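Q: You'll find data_22.cif just under this line, and it carries mmCIF, C-alpha atoms.
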```
data_target
#
loop_
_atom_site.group_PDB
_atom_site.id
_atom_site.type_symbol
_atom_site.label_atom_id
_atom_site.label_comp_id
_atom_site.auth_asym_id
_atom_site.auth_seq_id
_atom_site.Cartn_x
_atom_site.Cartn_y
_atom_site.Cartn_z
ATOM 1 C CA MET A 1 -35.883 7.066 2.569
ATOM 2 C CA PRO A 2 -34.302 9.353 -0.089
ATOM 3 C CA GLY A 3 -32.858 11.484 2.689
ATOM 4 C CA SER A 4 -31.463 8.503 4.552
ATOM 5 C CA SER A 5 -29.988 7.099 1.339
ATOM 6 C CA PHE A 6 -28.274 10.426 0.622
ATOM 7 C CA ALA A 7 -26.925 10.541 4.182
ATOM 8 C CA ALA A 8 -25.535 7.003 3.784
ATOM 9 C CA LEU A 9 -23.814 7.917 0.504
ATOM 10 C CA HIS A 10 -22.504 11.076 2.137
ATOM 11 C CA GLY A 11 -21.100 9.001 4.984
ATOM 12 C CA ILE A 12 -19.435 6.566 2.577
ATOM 13 C CA GLY A 13 -17.746 9.428 0.741
ATOM 14 C CA LEU A 14 -16.502 11.120 3.917
ATOM 15 C CA ALA A 15 -15.264 7.830 5.354
ATOM 16 C CA GLY A 16 -13.406 7.004 2.145
ATOM 17 C CA ILE A 17 -11.699 10.402 2.073
ATOM 18 C CA SER A 18 -10.749 10.149 5.757
ATOM 19 C CA ASN A 19 -9.144 6.734 5.316
ATOM 20 C CA ALA A 20 -7.394 7.756 2.077
ATOM 21 C CA ILE A 21 -5.777 10.643 3.960
ATOM 22 C CA ALA A 22 -4.656 8.224 6.670
ATOM 23 C CA ALA A 23 -3.221 5.821 4.050
ATOM 24 C CA CYS A 24 -0.953 8.550 2.681
ATOM 25 C CA PHE A 25 0.660 8.875 6.110
ATOM 26 C CA THR A 26 0.856 5.171 6.997
ATOM 27 C CA ASN A 27 1.874 3.602 3.659
ATOM 28 C CA PRO A 28 5.598 3.311 4.615
ATOM 29 C CA VAL A 29 4.669 1.325 7.723
ATOM 30 C CA ASP A 30 2.345 -0.851 5.648
ATOM 31 C CA VAL A 31 5.168 -1.701 3.212
ATOM 32 C CA ILE A 32 7.499 -2.750 6.040
ATOM 33 C CA LYS A 33 4.698 -4.811 7.601
ATOM 34 C CA VAL A 34 4.087 -6.703 4.350
ATOM 35 C CA ARG A 35 7.831 -7.317 3.918
ATOM 36 C CA MET A 36 8.074 -8.757 7.433
ATOM 37 C CA GLN A 37 5.034 -10.975 6.865
ATOM 38 C CA LEU A 38 6.599 -12.386 3.696
ATOM 39 C CA ALA A 39 10.071 -12.773 5.191
ATOM 40 C CA GLY A 40 9.755 -16.538 5.625
ATOM 41 C CA VAL A 41 8.873 -17.165 1.983
ATOM 42 C CA ALA A 42 12.184 -16.848 0.152
ATOM 43 C CA GLN A 43 10.831 -16.915 -3.381
ATOM 44 C CA LEU A 44 8.508 -14.019 -2.716
ATOM 45 C CA THR A 45 10.716 -11.392 -1.143
ATOM 46 C CA SER A 46 14.315 -10.622 -0.399
ATOM 47 C CA CYS A 47 13.469 -9.215 3.028
ATOM 48 C CA ASP A 48 14.608 -11.669 5.716
ATOM 49 C CA ALA A 49 14.821 -9.092 8.486
ATOM 50 C CA GLN A 50 13.198 -10.141 11.750
ATOM 51 C CA THR A 51 12.853 -6.728 13.417
ATOM 52 C CA VAL A 52 11.030 -3.561 12.462
ATOM 53 C CA LEU A 53 14.227 -1.518 12.478
ATOM 54 C CA ALA A 54 16.175 -4.033 10.385
ATOM 55 C CA ALA A 55 13.346 -4.370 7.853
ATOM 56 C CA GLY A 56 13.029 -0.599 7.558
ATOM 57 C CA GLN A 57 16.790 -0.095 7.173
ATOM 58 C CA LYS A 58 17.033 -2.775 4.487
ATOM 59 C CA LEU A 59 14.107 -1.301 2.557
ATOM 60 C CA TRP A 60 15.570 2.214 2.721
ATOM 61 C CA ARG A 61 19.037 1.002 1.733
ATOM 62 C CA HIS A 62 17.849 -0.888 -1.341
ATOM 63 C CA GLU A 63 14.877 1.179 -2.530
ATOM 64 C CA GLY A 64 14.956 4.531 -0.752
ATOM 65 C CA LEU A 65 11.932 6.793 -0.289
ATOM 66 C CA ARG A 66 10.242 5.371 -3.372
ATOM 67 C CA GLY A 67 10.226 1.930 -1.787
ATOM 68 C CA LEU A 68 8.384 3.238 1.270
ATOM 69 C CA TYR A 69 5.536 4.431 -0.945
ATOM 70 C CA ARG A 70 5.166 1.312 -3.047
ATOM 71 C CA GLY A 71 1.524 0.479 -3.666
ATOM 72 C CA LEU A 72 0.216 3.909 -2.658
ATOM 73 C CA GLN A 73 -2.127 4.202 -5.669
ATOM 74 C CA PRO A 74 -4.066 0.963 -5.041
ATOM 75 C CA SER A 75 -3.915 1.693 -1.309
ATOM 76 C CA VAL A 76 -5.756 4.989 -1.767
ATOM 77 C CA LEU A 77 -8.275 3.383 -4.141
ATOM 78 C CA ARG A 78 -8.790 0.607 -1.603
ATOM 79 C CA GLU A 79 -9.501 3.052 1.199
ATOM 80 C CA LEU A 80 -11.908 5.088 -0.921
ATOM 81 C CA SER A 81 -13.945 1.957 -1.666
ATOM 82 C CA TYR A 82 -13.407 -0.580 1.121
ATOM 83 C CA SER A 83 -13.091 1.801 4.059
ATOM 84 C CA GLY A 84 -15.745 4.078 2.630
ATOM 85 C CA VAL A 85 -18.236 1.226 2.806
ATOM 86 C CA ARG A 86 -17.103 -0.347 6.087
ATOM 87 C CA MET A 87 -16.961 2.890 8.058
ATOM 88 C CA GLY A 88 -19.551 4.926 6.168
ATOM 89 C CA LEU A 89 -22.296 2.302 6.413
ATOM 90 C CA TYR A 90 -21.524 1.354 10.014
ATOM 91 C CA GLU A 91 -23.898 3.902 11.557
ATOM 92 C CA PRO A 92 -26.887 3.203 9.233
ATOM 93 C CA ILE A 93 -26.506 -0.564 9.745
ATOM 94 C CA ARG A 94 -26.145 -0.094 13.500
ATOM 95 C CA GLU A 95 -29.310 2.006 13.625
ATOM 96 C CA MET A 96 -31.162 -0.546 11.502
ATOM 97 C CA LEU A 97 -30.181 -3.362 13.865
ATOM 98 C CA VAL A 98 -31.183 -1.272 16.877
ATOM 99 C CA SER A 99 -34.548 -0.551 15.256
ATOM 100 C CA CYS A 100 -35.099 -4.254 14.516
ATOM 101 C CA LYS A 101 -34.373 -5.010 18.170
ATOM 102 C CA GLY A 102 -36.801 -2.357 19.341
ATOM 103 C CA GLY A 103 -34.221 0.163 20.532
ATOM 104 C CA SER A 104 -34.768 3.888 20.331
ATOM 105 C CA LYS A 105 -31.348 5.548 20.417
ATOM 106 C CA GLU A 106 -28.156 4.418 18.743
ATOM 107 C CA LYS A 107 -25.956 5.596 21.651
ATOM 108 C CA THR A 108 -27.562 3.024 23.936
ATOM 109 C CA SER A 109 -27.161 0.109 21.539
ATOM 110 C CA PRO A 110 -25.488 -2.985 23.015
ATOM 111 C CA LEU A 111 -21.882 -3.778 22.143
ATOM 112 C CA LEU A 112 -22.925 -6.963 20.330
ATOM 113 C CA ILE A 113 -25.073 -4.946 17.917
ATOM 114 C CA LYS A 114 -22.143 -2.640 17.201
ATOM 115 C CA ILE A 115 -19.882 -5.632 16.594
ATOM 116 C CA ALA A 116 -22.459 -7.186 14.245
ATOM 117 C CA ALA A 117 -22.775 -3.918 12.292
ATOM 118 C CA GLY A 118 -18.992 -3.615 11.993
ATOM 119 C CA ALA A 119 -18.569 -7.238 10.917
ATOM 120 C CA PHE A 120 -21.219 -6.901 8.203
ATOM 121 C CA THR A 121 -19.934 -3.655 6.691
ATOM 122 C CA GLY A 122 -16.324 -4.846 6.866
ATOM 123 C CA ALA A 123 -17.139 -8.057 4.989
ATOM 124 C CA ILE A 124 -19.122 -6.278 2.249
ATOM 125 C CA GLY A 125 -16.548 -3.532 1.756
ATOM 126 C CA SER A 126 -13.580 -5.890 1.573
ATOM 127 C CA LEU A 127 -15.272 -8.222 -0.906
ATOM 128 C CA LEU A 128 -16.006 -5.329 -3.251
ATOM 129 C CA ALA A 129 -12.508 -3.847 -2.980
ATOM 130 C CA ASN A 130 -10.438 -7.061 -3.005
ATOM 131 C CA PRO A 131 -8.765 -6.266 -6.388
ATOM 132 C CA PHE A 132 -7.292 -3.048 -4.967
ATOM 133 C CA ASP A 133 -6.152 -4.896 -1.838
ATOM 134 C CA LEU A 134 -4.451 -7.591 -3.922
ATOM 135 C CA LEU A 135 -2.670 -5.027 -6.105
ATOM 136 C CA LYS A 136 -1.538 -3.122 -3.018
ATOM 137 C CA VAL A 137 0.023 -6.184 -1.402
ATOM 138 C CA ARG A 138 1.673 -7.378 -4.607
ATOM 139 C CA MET A 139 3.128 -3.973 -5.402
ATOM 140 C CA GLN A 140 4.396 -3.579 -1.834
ATOM 141 C CA GLY A 141 5.959 -6.992 -1.402
ATOM 142 C CA GLY A 142 6.126 -8.676 -4.808
ATOM 143 C CA ASP A 143 8.335 -8.365 -7.835
ATOM 144 C CA ILE A 144 10.231 -5.068 -8.090
ATOM 145 C CA ASN A 145 9.177 -4.552 -11.735
ATOM 146 C CA GLN A 146 5.516 -4.951 -10.852
ATOM 147 C CA ALA A 147 5.932 -2.390 -8.068
ATOM 148 C CA ARG A 148 6.869 0.219 -10.656
ATOM 149 C CA MET A 149 3.823 -0.440 -12.810
ATOM 150 C CA SER A 150 0.680 1.649 -12.847
ATOM 151 C CA VAL A 151 -2.467 0.194 -11.300
ATOM 152 C CA VAL A 152 -3.816 -0.586 -14.784
ATOM 153 C CA ALA A 153 -0.618 -2.375 -15.867
ATOM 154 C CA ALA A 154 -0.452 -4.395 -12.627
ATOM 155 C CA THR A 155 -4.100 -5.368 -13.082
ATOM 156 C CA LYS A 156 -3.305 -6.691 -16.575
ATOM 157 C CA VAL A 157 -0.484 -8.831 -15.137
ATOM 158 C CA VAL A 158 -2.851 -10.397 -12.592
ATOM 159 C CA TYR A 159 -5.498 -10.902 -15.290
ATOM 160 C CA ARG A 160 -3.019 -12.713 -17.579
ATOM 161 C CA GLU A 161 -2.064 -15.024 -14.711
ATOM 162 C CA ALA A 162 -5.512 -16.182 -13.641
ATOM 163 C CA GLY A 163 -8.240 -14.210 -15.409
ATOM 164 C CA THR A 164 -10.887 -12.138 -13.658
ATOM 165 C CA SER A 165 -10.986 -14.544 -10.707
ATOM 166 C CA GLY A 166 -7.332 -13.740 -10.093
ATOM 167 C CA LEU A 167 -8.349 -10.261 -8.926
ATOM 168 C CA TRP A 168 -10.245 -11.899 -6.077
ATOM 169 C CA ARG A 169 -7.365 -14.161 -5.049
ATOM 170 C CA GLY A 170 -7.101 -14.119 -1.272
ATOM 171 C CA ALA A 171 -10.685 -12.886 -0.905
ATOM 172 C CA GLY A 172 -11.242 -15.410 1.888
ATOM 173 C CA PRO A 173 -8.608 -14.084 4.303
ATOM 174 C CA THR A 174 -9.273 -10.527 3.122
ATOM 175 C CA VAL A 175 -12.939 -10.754 4.099
ATOM 176 C CA GLN A 176 -12.032 -12.533 7.331
ATOM 177 C CA ARG A 177 -9.510 -9.842 8.233
ATOM 178 C CA ALA A 178 -11.872 -6.996 7.312
ATOM 179 C CA THR A 179 -14.686 -8.581 9.288
ATOM 180 C CA LEU A 180 -12.474 -8.892 12.350
ATOM 181 C CA LEU A 181 -10.984 -5.432 11.825
ATOM 182 C CA THR A 182 -14.232 -3.507 11.508
ATOM 183 C CA ALA A 183 -15.946 -5.618 14.180
ATOM 184 C CA SER A 184 -13.162 -4.699 16.616
ATOM 185 C CA GLN A 185 -12.009 -1.236 15.488
ATOM 186 C CA VAL A 186 -15.157 0.827 14.905
ATOM 187 C CA PRO A 187 -17.326 -0.736 17.659
ATOM 188 C CA SER A 188 -14.529 -0.420 20.242
ATOM 189 C CA TYR A 189 -14.171 3.265 19.330
ATOM 190 C CA ASP A 190 -17.936 3.791 19.325
ATOM 191 C CA HIS A 191 -18.525 1.950 22.614
ATOM 192 C CA ALA A 192 -15.554 3.467 24.435
ATOM 193 C CA LYS A 193 -16.494 6.987 23.352
ATOM 194 C CA HIS A 194 -20.127 6.797 24.385
ATOM 195 C CA THR A 195 -19.271 5.024 27.632
ATOM 196 C CA LEU A 196 -16.865 7.823 28.570
ATOM 197 C CA LEU A 197 -19.367 10.477 27.469
ATOM 198 C CA ASP A 198 -22.226 8.870 29.406
ATOM 199 C CA LEU A 199 -20.065 8.655 32.534
ATOM 200 C CA GLY A 200 -19.107 12.301 32.141
ATOM 201 C CA LEU A 201 -15.386 11.486 32.081
ATOM 202 C CA LEU A 202 -14.811 13.179 28.724
ATOM 203 C CA LYS A 203 -16.607 15.648 26.493
ATOM 204 C CA GLU A 204 -17.162 15.332 22.757
ATOM 205 C CA GLY A 205 -14.120 16.767 21.008
ATOM 206 C CA TYR A 206 -10.558 16.241 19.788
ATOM 207 C CA PHE A 207 -9.156 14.702 22.973
ATOM 208 C CA CYS A 208 -12.052 12.274 23.309
ATOM 209 C CA HIS A 209 -11.763 11.226 19.649
ATOM 210 C CA PHE A 210 -7.979 10.830 19.948
ATOM 211 C CA THR A 211 -8.114 8.727 23.123
ATOM 212 C CA CYS A 212 -10.805 6.373 21.873
ATOM 213 C CA SER A 213 -9.302 5.960 18.403
ATOM 214 C CA MET A 214 -5.915 5.017 19.876
ATOM 215 C CA LEU A 215 -7.619 2.364 22.000
ATOM 216 C CA ALA A 216 -9.485 1.094 18.941
ATOM 217 C CA GLY A 217 -6.199 0.774 17.026
ATOM 218 C CA VAL A 218 -4.644 -1.442 19.701
ATOM 219 C CA VAL A 219 -7.719 -3.685 19.861
ATOM 220 C CA ALA A 220 -7.904 -4.030 16.072
ATOM 221 C CA ALA A 221 -4.194 -4.830 15.688
ATOM 222 C CA GLY A 222 -4.334 -7.657 18.215
ATOM 223 C CA VAL A 223 -7.440 -9.212 16.674
ATOM 224 C CA THR A 224 -6.370 -9.063 13.019
ATOM 225 C CA SER A 225 -2.616 -9.753 13.032
ATOM 226 C CA PRO A 226 -2.650 -13.519 12.191
ATOM 227 C CA VAL A 227 -5.272 -13.195 9.448
ATOM 228 C CA ASP A 228 -3.434 -10.210 7.988
ATOM 229 C CA LEU A 229 -0.255 -12.295 7.682
ATOM 230 C CA ALA A 230 -2.185 -15.068 5.918
ATOM 231 C CA LYS A 231 -3.755 -12.527 3.554
ATOM 232 C CA SER A 232 -0.366 -11.140 2.518
ATOM 233 C CA ARG A 233 1.141 -14.579 1.910
ATOM 234 C CA ILE A 234 -1.834 -15.960 -0.013
ATOM 235 C CA MET A 235 -2.038 -12.893 -2.251
ATOM 236 C CA THR A 236 1.653 -13.020 -3.193
ATOM 237 C CA GLN A 237 2.194 -16.777 -3.515
ATOM 238 C CA PRO A 238 3.193 -18.252 -6.903
ATOM 239 C CA ILE A 239 0.343 -19.508 -9.094
ATOM 240 C CA ASN A 240 0.116 -22.863 -10.842
ATOM 241 C CA PRO A 241 -0.474 -21.898 -14.513
ATOM 242 C CA GLU A 242 -2.462 -25.087 -15.158
ATOM 243 C CA THR A 243 -4.943 -24.755 -12.309
ATOM 244 C CA GLY A 244 -4.781 -21.021 -11.599
ATOM 245 C CA ARG A 245 -4.479 -21.838 -7.891
ATOM 246 C CA GLY A 246 -1.781 -20.950 -5.401
ATOM 247 C CA VAL A 247 0.987 -23.529 -4.986
ATOM 248 C CA LEU A 248 1.715 -22.877 -1.299
ATOM 249 C CA TYR A 249 -1.533 -22.346 0.596
ATOM 250 C CA GLU A 250 -5.136 -23.437 0.148
ATOM 251 C CA SER A 251 -6.831 -21.333 2.816
ATOM 252 C CA THR A 252 -6.248 -19.013 5.754
ATOM 253 C CA LEU A 253 -6.092 -21.910 8.197
ATOM 254 C CA ASP A 254 -3.765 -23.883 5.921
ATOM 255 C CA CYS A 255 -1.437 -20.897 5.646
ATOM 256 C CA LEU A 256 -1.349 -20.279 9.401
ATOM 257 C CA LEU A 257 -0.779 -23.969 10.199
ATOM 258 C CA LYS A 258 2.032 -24.327 7.653
ATOM 259 C CA THR A 259 3.621 -21.075 8.819
ATOM 260 C CA ALA A 260 3.489 -22.128 12.461
ATOM 261 C CA LYS A 261 4.884 -25.585 11.661
ATOM 262 C CA SER A 262 7.782 -24.416 9.493
ATOM 263 C CA GLU A 263 8.675 -21.138 11.210
ATOM 264 C CA GLY A 264 7.339 -21.474 14.744
ATOM 265 C CA PRO A 265 3.943 -20.760 16.378
ATOM 266 C CA LEU A 266 4.714 -17.135 17.199
ATOM 267 C CA THR A 267 5.427 -16.467 13.518
ATOM 268 C CA VAL A 268 1.690 -16.057 12.881
ATOM 269 C CA PHE A 269 2.053 -12.771 14.769
ATOM 270 C CA ARG A 270 5.032 -11.652 12.693
ATOM 271 C CA GLY A 271 4.454 -8.070 11.667
ATOM 272 C CA PHE A 272 2.258 -7.402 14.725
ATOM 273 C CA SER A 273 4.394 -4.442 15.771
ATOM 274 C CA MET A 274 4.036 -2.963 12.286
ATOM 275 C CA GLN A 275 0.353 -3.862 12.270
ATOM 276 C CA TRP A 276 -0.087 -1.833 15.446
ATOM 277 C CA LEU A 277 2.209 0.965 14.278
ATOM 278 C CA ARG A 278 0.109 1.197 11.118
ATOM 279 C CA LEU A 279 -3.351 0.637 12.596
ATOM 280 C CA GLY A 280 -2.766 2.947 15.564
ATOM 281 C CA PRO A 281 -2.006 6.082 13.501
ATOM 282 C CA HIS A 282 -4.312 5.002 10.666
ATOM 283 C CA THR A 283 -7.226 4.480 13.045
ATOM 284 C CA THR A 284 -6.531 7.753 14.832
ATOM 285 C CA ILE A 285 -6.169 9.844 11.668
ATOM 286 C CA SER A 286 -9.103 8.250 9.833
ATOM 287 C CA LEU A 287 -11.577 8.385 12.729
ATOM 288 C CA MET A 288 -10.620 11.918 13.771
ATOM 289 C CA CYS A 289 -10.865 13.116 10.154
ATOM 290 C CA PHE A 290 -14.166 11.289 9.756
ATOM 291 C CA GLU A 291 -15.622 12.894 12.875
ATOM 292 C CA GLN A 292 -14.535 16.387 11.824
ATOM 293 C CA LEU A 293 -15.685 15.974 8.205
ATOM 294 C CA ARG A 294 -19.079 14.791 9.463
ATOM 295 C CA HIS A 295 -19.272 17.852 11.704
ATOM 296 C CA LEU A 296 -18.300 20.213 8.862
ATOM 297 C CA ALA A 297 -20.886 18.560 6.609
ATOM 298 C CA GLY A 298 -23.625 19.183 9.163
ATOM 299 C CA MET A 299 -23.869 15.559 10.312
ATOM 300 C CA SER A 300 -23.802 14.403 13.921
ATOM 301 C CA PHE A 301 -20.680 12.879 15.434
ATOM 302 C CA LEU A 302 -20.442 9.091 15.144
#
```
I need this file expressed as C-alpha cells, please.

A:
Amino acid sequence: MPGSSFAALHGIGLAGISNAIAACFTNPVDVIKVRMQLAGVAQLTSCDAQTVLAAGQKLWRHEGLRGLYRGLQPSVLRELSYSGVRMGLYEPIREMLVSCKGGSKEKTSPLLIKIAAGAFTGAIGSLLANPFDLLKVRMQGGDINQARMSVVAATKVVYREAGTSGLWRGAGPTVQRATLLTASQVPSYDHAKHTLLDLGLLKEGYFCHFTCSMLAGVVAAGVTSPVDLAKSRIMTQPINPETGRGVLYESTLDCLLKTAKSEGPLTVFRGFSMQWLRLGPHTTISLMCFEQLRHLAGMSFL
C-alpha cells in the first residue's frame, strides 16, 4: 500500500506538470474561446465577434500579447491541481475497478470501466480546483481591471462579492464539464492506444501517442462544448448582492435553454472551434509529456 500510494502521488505530480506545460502553449486559444462564449452577454464582455479570426483580431488590437495570456497564473494552478488529480489518479482508479470486477490486466479492461474511472477522477479534481477555474475564466473574460490583478487580489474580489462560497460559483457545470471531459478524453486515448497496440497496427512510442491523443482531443471537444459554454457564462455573470446568487442563470440547463432561446440553438456550440483548437493541442502536449515523464521516472506507459 505505501508503494502504491507513492506511485499515485507521483502520477498526480507528473500529470499536473504535463498539463501545466500544455496550458502555457494553449492559453491564447483559451482566452479567445472564453470571449466567444461570452459574446452574447453584452454586460460581461465587449467581444461580439462571431468567428475565431475576428475574435482573435479584436483581442490583439485592443489588448495585444498581454491579452492573449490573461489568466495564465490561475490556469497553471488549475492544471497542477485539477488535471493532476484527474489524469494522475485515472490509472489507479481504473486498476481498482478492474480488480473489483475480477479482471487481471488493466490493458484488457472494458471501455465502460475506463469511462467510469475518467468520470470519477474528473469530478473529484474539478471540485477541488474550482476556485482556480473561476479565477481563470473571470480574468480571461471579465473586467479588464480584474484581469490585471494577481491571483490573490482577484480571489479577494470574489470573496468580497459572495464569501467563501463564491469561489465555488459555477461548480455544477465545472464538475459536469470535467466529468464529461475526462470520461471522454483519457479513456478514448487509453482505449484507442491499446486497441492499436493489440492489433499490431502501431508500436508504443511518439507516433502512437500523438495519433491517439489527437483523436482524444476531437472526442473531448465534441462532448464538452455546450457545458463549457455554460460554465463560462455562469462563472462571469453578475451577482445579486442581497442573495449572493447569479442574476442570469440558475443552472447549466437553465443557461443552455436561455442561450438557445435568445441566441439560437446552435449558439450552445459557440466556441466549439476554439474548444477543439485548444483541446487538440492541449490533449496532445499533456498526454505526450505525461507518457514521457512517466517513462523517465521509471513508470510504465499509461

Q: Where does segment 102-142 of chain A meet segment 19-39 of chain A within 12 Å, residue by residue, with the nearest atom pair and distance in Å to one decimal for each, counting all atoms listed in the file, listed by chain and rising number, as JSON lines?

A:
```
{"residue": "A:Leu134", "atom": "CA", "partner": "A:Val34", "partner_atom": "CA", "distance": 11.9}
{"residue": "A:Lys136", "atom": "CA", "partner": "A:Val31", "partner_atom": "CA", "distance": 9.3}
{"residue": "A:Val137", "atom": "CA", "partner": "A:Val34", "partner_atom": "CA", "distance": 7.1}
{"residue": "A:Arg138", "atom": "CA", "partner": "A:Val34", "partner_atom": "CA", "distance": 9.3}
{"residue": "A:Met139", "atom": "CA", "partner": "A:Val31", "partner_atom": "CA", "distance": 9.1}
{"residue": "A:Gln140", "atom": "CA", "partner": "A:Val31", "partner_atom": "CA", "distance": 5.4}
{"residue": "A:Gly141", "atom": "CA", "partner": "A:Arg35", "partner_atom": "CA", "distance": 5.6}
{"residue": "A:Gly142", "atom": "CA", "partner": "A:Arg35", "partner_atom": "CA", "distance": 9.0}
```

Q: Would you pick out the contacts of Ala117 of chain A at 6 Å or less, using only C-alpha atoms, so that residues sharing its chain but fewer than 2 positions from it are not included, and give the list as a ChimeraX atom specification?

A: /A:90,93-94,114-115,119-120

Q: Nearest to Met235 of chain A among A:Val158, A:Leu302, A:Leu296, A:Ala178, with distances taken over only C-alpha atoms: which residue is it?

A: A:Val158

Q: May I have the protein, DNA and RNA residues with any atom at most 9 Å from the point (-22.8, 4.4, 7.5), counting all atoms listed in the file, written as a list in words?

A: Ala7, Ala8, Leu9, His10, Gly11, Ile12, Ala15, Gly84, Val85, Arg86, Met87, Gly88, Leu89, Tyr90, Glu91, Pro92, Ile93, Arg94 and Thr121 of chain A

Q: Calculated over all atoms listed in the file, which of the candidates A:Leu80, A:Val52, A:Val186, A:Met149 has the smallest distance to Gly217 of chain A?

A: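 Closest to Gly217 of chain A of all the choices is A:Val186.
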
Q: For the provided coordinates, the residues matched by the PyMOL selection byres ((chain A and resi 243) around 12) should be stated as a PyMOL selection string.

A: chain A and resi 161-163+165-166+238-242+244-247

Q: Which residues are close to Arg78 of chain A, i.e. within 7 Å by only C-alpha atoms, leaving aside same-chain residues fewer than 3 positions away? Reply as a count of residues only.

A: 7

Q: Residue by residue, what does the PyMOL selection byres ((chain A and resi 210-213) around 9) grab here? Present the result as a count of residues only.

A: 26

Q: Could the centre and edge lengths of an axis-aligned box, enclosing all atoms of segment 187-199 of chain A in the file with 5 Å extra on each side, be given in Å to one decimal as AutoDock Vina command-line options?

A:
```
--center_x -18.2 --center_y 4.9 --center_z 25.1 --size_x 18.1 --size_y 21.2 --size_z 24.9
```
